[in-house]
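Notes to accompany the following structure.
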Amino acid sequence: KLLKMQEAIHRMTGLPASEFGFQGRGLIKEGYSADLVLFDPNTIIDTATFEKPEQAAKGIEVVVNNGMVIWKDGKETGERAGQIL
């Protein structure tokens, strides 16, 4: 609750994409890569610890990378849509 939701999302998406010069990323805009995370702001929580850093966050419903669903129903779908930037 330190930032408004819109500001926090911008600081994790559009701002770093712009700062690092990633063209076509960081915004929901025609012609841009479809990189999206559908989450519930009331239940999202990081569950990773130093002992178990690979634990996935809770409250994330769907993750789309380059237009492909890569996370759904609490697990990976097996799709690999990423690329080296």
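Ordered as shown in the structure tokens, chains take letters A, B, and onward, while each chain numbers its residues from 1 and ligands are numbered from 1 in the order shown.
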Contact residues around region 33-50 of chain A with only C-alpha atoms at 12 Å, ignoring same-chain residues under 3 positions, as a ChimeraX atom specification: /A:1,4-6,8-9,12-14,17,22-30,53-74,81-83
I need the residues of chain A that end up classed as alpha helix (DSSP H) by DSSP on the backbone, written out as a PyMOL selection string. chain A and resi 5-12+14-19
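Between CA of Glu51 (chain A) and CA of Gly78 (chain A) there is a distance of 25.3 Å.
One distance worth recording is that between CA of Leu3 (chain A) and CA of Gly21 (chain A), which is 24.4 Å.
Scanning chain A with DSSP on the backbone, the strand (DSSP E) assignments fall on Leu36, Val37, Leu38, Phe39, Ile60, Glu61, Val62, Val63, Val64, Asn65, Met68, Val69, Ile70, Trp71, Lys72, Lys75 and Glu76 of chain A.
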